[in-house]
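> You'll find structure_33.cif just under this line, and it carries mmCIF, C-alpha atoms.
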```
data_query
#
loop_
_atom_site.label_atom_id
_atom_site.label_comp_id
_atom_site.auth_asym_id
_atom_site.auth_seq_id
_atom_site.Cartn_x
_atom_site.Cartn_y
_atom_site.Cartn_z
CA MET G 12 0.00 0.00 0.00
CA GLU G 13 2.80 2.41 0.79
CA ALA G 14 4.13 2.08 -2.74
CA ALA G 15 0.70 2.96 -4.14
CA VAL G 16 0.47 5.93 -1.78
CA ARG G 17 3.86 7.19 -2.95
CA ILE G 18 3.00 6.75 -6.64
CA PHE G 19 -0.45 8.38 -6.37
CA TYR G 20 1.04 11.23 -4.35
CA GLU G 21 3.89 11.86 -6.79
CA LYS G 22 2.03 11.34 -10.08
CA GLY G 23 -1.57 11.96 -9.14
CA TYR G 24 -4.28 9.39 -9.70
CA SER G 25 -4.64 10.19 -13.41
CA GLY G 26 -0.90 10.10 -14.04
CA ALA G 27 -0.30 6.88 -12.11
CA SER G 28 -0.80 3.39 -13.45
CA LEU G 29 -0.94 -0.03 -11.87
CA GLN G 30 2.26 -0.73 -13.80
CA ASP G 31 3.92 2.13 -11.90
CA VAL G 32 2.81 0.58 -8.61
CA ALA G 33 3.95 -2.88 -9.69
CA ASN G 34 7.35 -1.50 -10.68
CA GLU G 35 7.69 0.27 -7.33
CA VAL G 36 6.85 -2.93 -5.43
CA GLY G 37 8.93 -5.12 -7.73
CA VAL G 38 6.14 -7.45 -8.86
CA LEU G 39 4.40 -8.17 -12.13
CA LYS G 40 1.39 -5.99 -12.85
CA GLY G 41 -0.83 -9.07 -13.00
CA SER G 42 0.03 -9.84 -9.39
CA LEU G 43 -1.74 -6.65 -8.29
CA TYR G 44 -4.98 -7.90 -9.84
CA TYR G 45 -5.01 -10.69 -7.27
CA TYR G 46 -5.60 -8.00 -4.63
CA PHE G 47 -7.29 -5.20 -6.59
CA ASP G 48 -9.71 -5.32 -9.50
CA SER G 49 -8.68 -1.87 -10.71
CA LYS G 50 -6.73 1.27 -9.97
CA GLU G 51 -9.93 2.72 -8.53
CA ASP G 52 -10.13 -0.19 -6.06
CA LEU G 53 -6.58 0.59 -4.97
CA LEU G 54 -7.53 4.23 -4.41
CA LEU G 55 -10.58 3.10 -2.44
CA ARG G 56 -8.37 0.94 -0.20
CA ILE G 57 -6.09 3.89 0.54
CA MET G 58 -9.09 6.02 1.44
CA LYS G 59 -10.70 3.31 3.58
CA GLU G 60 -7.47 2.84 5.50
CA SER G 61 -7.50 6.56 6.32
CA HIS G 62 -11.00 6.29 7.72
CA ILE G 63 -10.11 3.20 9.71
CA GLN G 64 -7.22 5.08 11.32
CA SER G 65 -9.43 8.03 12.28
CA GLU G 66 -12.02 5.64 13.74
CA LEU G 67 -9.29 3.94 15.77
CA ILE G 68 -8.21 7.33 17.09
CA PHE G 69 -11.81 8.19 18.05
CA ASP G 70 -12.23 4.81 19.77
CA ARG G 71 -8.91 5.00 21.63
CA VAL G 72 -9.53 8.51 22.94
CA SER G 73 -13.17 7.81 23.78
CA ALA G 74 -12.24 4.68 25.75
CA LYS G 75 -10.25 6.78 28.22
CA GLY G 76 -13.47 8.11 29.76
CA LEU G 77 -12.32 11.73 29.82
CA ASP G 78 -14.66 14.66 30.29
CA PRO G 79 -15.81 16.04 26.91
CA LEU G 80 -13.40 18.98 26.80
CA ASP G 81 -10.36 16.86 27.67
CA GLU G 82 -11.53 14.25 25.17
CA LEU G 83 -11.84 16.93 22.48
CA ASP G 84 -8.39 18.26 23.32
CA GLU G 85 -6.79 14.83 23.09
CA LEU G 86 -8.76 13.90 19.97
CA LEU G 87 -7.71 17.06 18.14
CA GLN G 88 -4.07 16.48 19.03
CA GLU G 89 -4.13 12.84 17.94
CA LEU G 90 -5.94 13.61 14.70
CA MET G 91 -3.50 16.40 13.87
CA GLN G 92 -0.56 14.11 14.63
CA TRP G 93 -1.97 11.47 12.28
CA TYR G 94 -2.42 14.09 9.55
CA LEU G 95 1.15 15.32 10.06
CA ASP G 96 2.47 11.77 9.91
CA ASN G 97 0.43 10.90 6.81
CA VAL G 98 0.63 13.98 4.59
CA GLU G 99 0.76 11.87 1.41
CA ARG G 100 -2.40 9.93 2.34
CA VAL G 101 -4.22 13.12 3.33
CA ALA G 102 -3.28 14.77 0.04
CA ILE G 103 -4.48 11.75 -1.93
CA TYR G 104 -7.73 11.65 0.02
CA PHE G 105 -8.59 15.26 -0.71
CA ASN G 106 -7.04 15.68 -4.15
CA GLU G 107 -7.87 12.33 -5.69
CA GLY G 108 -10.91 11.07 -3.77
CA ARG G 109 -13.24 12.73 -6.26
CA ARG G 110 -12.02 10.18 -8.82
CA LEU G 111 -14.08 7.47 -7.13
CA THR G 112 -17.44 6.67 -8.67
CA GLY G 113 -20.64 4.85 -7.84
CA GLU G 114 -20.64 2.56 -4.82
CA ARG G 115 -16.99 3.30 -4.07
CA LEU G 116 -17.74 7.01 -3.75
CA GLU G 117 -20.83 6.31 -1.65
CA GLU G 118 -18.77 4.12 0.68
CA VAL G 119 -16.19 6.84 1.27
CA GLU G 120 -18.85 9.53 1.68
CA ALA G 121 -20.64 7.35 4.26
CA ALA G 122 -17.38 6.94 6.18
CA GLY G 123 -16.91 10.71 6.08
CA ARG G 124 -20.40 11.23 7.50
CA ARG G 125 -19.63 8.78 10.33
CA PHE G 126 -16.44 10.70 11.11
CA GLU G 127 -18.37 13.97 11.24
CA GLN G 128 -21.09 12.40 13.40
CA HIS G 129 -18.51 11.19 15.94
CA LEU G 130 -17.12 14.71 16.11
CA TYR G 131 -20.59 16.24 16.31
CA ASN G 132 -21.56 13.96 19.21
CA LEU G 133 -18.44 14.91 21.14
CA LEU G 134 -18.93 18.63 20.50
CA LYS G 135 -22.58 18.35 21.53
CA ARG G 136 -21.58 16.71 24.84
CA ALA G 137 -19.04 19.47 25.46
CA GLN G 138 -21.62 22.10 24.59
CA LYS G 139 -24.27 20.60 26.88
CA GLY G 140 -21.74 20.58 29.71
CA GLY G 141 -21.00 24.27 29.15
CA ALA G 142 -17.41 23.66 28.04
CA ILE G 143 -18.00 25.26 24.65
CA GLN G 144 -20.32 28.07 23.71
CA ASP G 145 -23.59 27.80 21.86
CA VAL G 146 -22.09 27.83 18.38
CA ASP G 147 -23.25 26.05 15.26
CA LEU G 148 -21.60 22.66 15.62
CA ARG G 149 -21.73 21.81 11.91
CA LEU G 150 -19.84 25.03 11.16
CA SER G 151 -17.36 24.18 13.93
CA ILE G 152 -16.81 20.78 12.32
CA ARG G 153 -16.13 22.49 8.96
CA PHE G 154 -13.58 24.71 10.69
CA ILE G 155 -11.83 21.73 12.31
CA LEU G 156 -11.84 19.65 9.13
CA GLY G 157 -10.65 22.61 7.07
CA ALA G 158 -7.64 23.01 9.36
CA LEU G 159 -6.85 19.29 9.30
CA ASN G 160 -7.36 18.90 5.58
CA SER G 161 -5.05 21.80 4.81
CA VAL G 162 -2.04 20.03 6.36
CA PRO G 163 -0.58 18.92 2.99
CA THR G 164 -0.51 22.53 1.80
CA TRP G 165 1.67 23.86 4.61
CA HIS G 166 3.40 20.97 6.37
CA LYS G 167 7.12 20.78 5.72
CA PRO G 168 9.76 18.23 6.76
CA SER G 169 10.93 18.80 10.33
CA SER G 170 14.27 20.24 9.18
CA GLN G 171 12.44 23.14 7.51
CA ARG G 172 10.05 24.02 10.35
CA ARG G 173 10.16 26.28 13.37
CA LEU G 174 7.70 24.17 15.38
CA SER G 175 7.86 20.53 16.36
CA ASP G 176 4.95 18.21 15.63
CA LYS G 177 4.13 18.26 19.36
CA ALA G 178 3.94 22.06 19.35
CA ILE G 179 1.77 22.05 16.23
CA THR G 180 -0.68 19.49 17.63
CA ARG G 181 -0.88 21.30 20.98
CA GLN G 182 -1.44 24.73 19.43
CA PHE G 183 -4.02 23.35 17.00
CA ALA G 184 -6.04 21.88 19.87
CA GLN G 185 -5.67 25.02 22.00
CA MET G 186 -6.68 27.40 19.22
CA THR G 187 -9.63 25.25 18.20
CA ILE G 188 -10.97 24.87 21.72
CA LYS G 189 -10.37 28.54 22.54
CA SER G 190 -12.38 29.57 19.48
CA MET G 191 -15.39 27.73 20.91
CA SER G 192 -14.87 28.46 24.62
CA PRO G 193 -17.49 30.50 26.50
#
```
Turn the structure described in the file into structure tokens.


Amino acid sequence: MEAAVRIFYEKGYSGASLQDVANEVGVLKGSLYYYFDSKEDLLLRIMKESHIQSELIFDRVSAKGLDPLDELDELLQELMQWYLDNVERVAIYFNEGRRLTGERLEEVEAAGRRFEQHLYNLLKRAQKGGAIQDVDLRLSIRFILGALNSVPTWHKPSSQRRLSDKAITRQFAQMTIKSMSP
């Protein structure tokens, strides 16, 4: 999968071929068809893996039994860290995901709605507890997702940055929560 991620990131979905992926892995192109029916299926797998990771983050943070504001703080930091660690996957998701069609697109859109619903439920709990102000939660979700999804446009290798990943994740969570605090 990592070879496919690299190829799709470097060449874009349209510019990449299964032959490129096979060459990168060092196998015959026909071998890929054992695992994937098409290039679109390979793209779908990359996108599904991204959703699985975000669901695992939600589950792990939720299982800690924190109060809603602490849960939100930890969730935002963990999500941002995953985005920082997976810039290529994030870029593929948002630049190439529109290439999916039919049931594949519906599957990814449904996963996106589940992600947003998890976030909405957490924000609603925090709001009911008075930890965040009475703001439109759907708009707040757009704000959070916009910040996360923009990571590939500004994230640079650590040698070219002023801030560590830890500082970025912490400031992201602080700024987000502060923008909704009463």

> Given the PyMOL selection byres ((chain G and resi 83) around 10) and the file above, list the residues it selects as a list in words.

Phe69, Val72, Ser73, Leu77, Asp78, Pro79, Leu80, Asp81, Glu82, Asp84, Glu85, Leu86, Leu87, Gln88, Glu89, Leu130, Leu133, Leu134, Ala137, Ala184, Thr187 and Ile188 of chain G

> What is the atom CA of Leu148 of chain G-atom CA of His129 of chain G distance in Å, reported with one decimal?

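Between atom CA of Leu148 of chain G and atom CA of His129 of chain G the gap is 11.9 Å.
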
> Atom CA of Glu13 of chain G and atom CA of Leu53 of chain G, how far apart in Å?

11.2 Å

> Using only C-alpha atoms, tabulate the residues of segment 60-79 of chain G lying at most 9 Å from any atom of segment 108-128 of chain G, each with its closest atom pair and that distance in Å to one decimal, by chain and increasing residue number, as JSON lines.


```
{"residue": "G:His62", "atom": "CA", "partner": "G:Ala122", "partner_atom": "CA", "distance": 6.6}
{"residue": "G:Ile63", "atom": "CA", "partner": "G:Ala122", "partner_atom": "CA", "distance": 8.9}
{"residue": "G:Ser65", "atom": "CA", "partner": "G:Phe126", "partner_atom": "CA", "distance": 7.6}
{"residue": "G:Glu66", "atom": "CA", "partner": "G:Phe126", "partner_atom": "CA", "distance": 7.2}
{"residue": "G:Phe69", "atom": "CA", "partner": "G:Phe126", "partner_atom": "CA", "distance": 8.7}
```

> Kindly export the residues of the current selection with C-alpha atoms, as a tab-separated table (two decimals), keeping the file's coordinate frame.


```tsv
chain	number	residue	atom	x	y	z
G	62	HIS	CA	-11.00	6.29	7.72
G	63	ILE	CA	-10.11	3.20	9.71
G	65	SER	CA	-9.43	8.03	12.28
G	66	GLU	CA	-12.02	5.64	13.74
G	69	PHE	CA	-11.81	8.19	18.05
```

> Figure out the distance between atom CA of Ala178 of chain G and atom CA of Leu95 of chain G, please, to one decimal in Å.

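So the answer is 11.8 Å.
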
> Go through G:Phe183, G:Tyr46, G:Tyr20, G:Phe154 one by one, measure the shortest atom-to-atom distance of each to Asn97 of chain G using all atoms listed in the file, and give the residue with the smallest value.

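Between G:Phe183, G:Tyr46, G:Tyr20, G:Phe154, the residue approaching Asn97 of chain G most closely is G:Tyr20.
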
> Starting from the PyMOL selection byres ((chain G and resi 145) around 12), expand the selection into actual residues of this file and give them as JSON, numbers by chain.

{"G": [134, 135, 136, 137, 138, 139, 140, 141, 142, 143, 144, 146, 147, 148, 149, 150, 151, 190, 191, 192, 193]}

> Selected by the PyMOL selection byres ((chain G and resi 23) around 12) in the shown coordinates: which residues, as a list in words?

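Taken over the shown coordinates, the PyMOL selection byres ((chain G and resi 23) around 12) returns Ala15, Val16, Arg17, Ile18, Phe19, Tyr20, Glu21, Lys22, Tyr24, Ser25, Gly26, Ala27, Ser28, Asp31, Lys50, Leu54, Glu99, Arg100, Ala102, Ile103, Tyr104, Phe105, Asn106, Glu107, Gly108 and Arg110 of chain G.
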
> So, counting all atoms listed in the file, which residue among G:Trp165, G:Leu90, G:Lys189, G:Ile155 is closest to Arg71 of chain G?

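Closest to Arg71 of chain G of all the choices is G:Leu90.
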
> Which of these, G:Gln30, G:Gln92, G:Ser61, G:Ser49, has the shortest distance to Val162 of chain G once you count all atoms listed in the file?

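Of all the options, G:Gln92 lies closest to Val162 of chain G.
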
> Under the rule that all atoms listed in the file are counted, which of G:Met12, G:Val98, G:Leu159, G:Arg173 is the nearest residue to Ala33 of chain G?

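Among the listed residues, the smallest separation from Ala33 of chain G belongs to G:Met12.
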
> Between G:Ser42, G:Gln182, G:Ser175, G:Asn160, which has the minimum distance to Leu29 of chain G (counting all atoms listed in the file)?

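Ranked by minimum distance to Leu29 of chain G, first place goes to G:Ser42.
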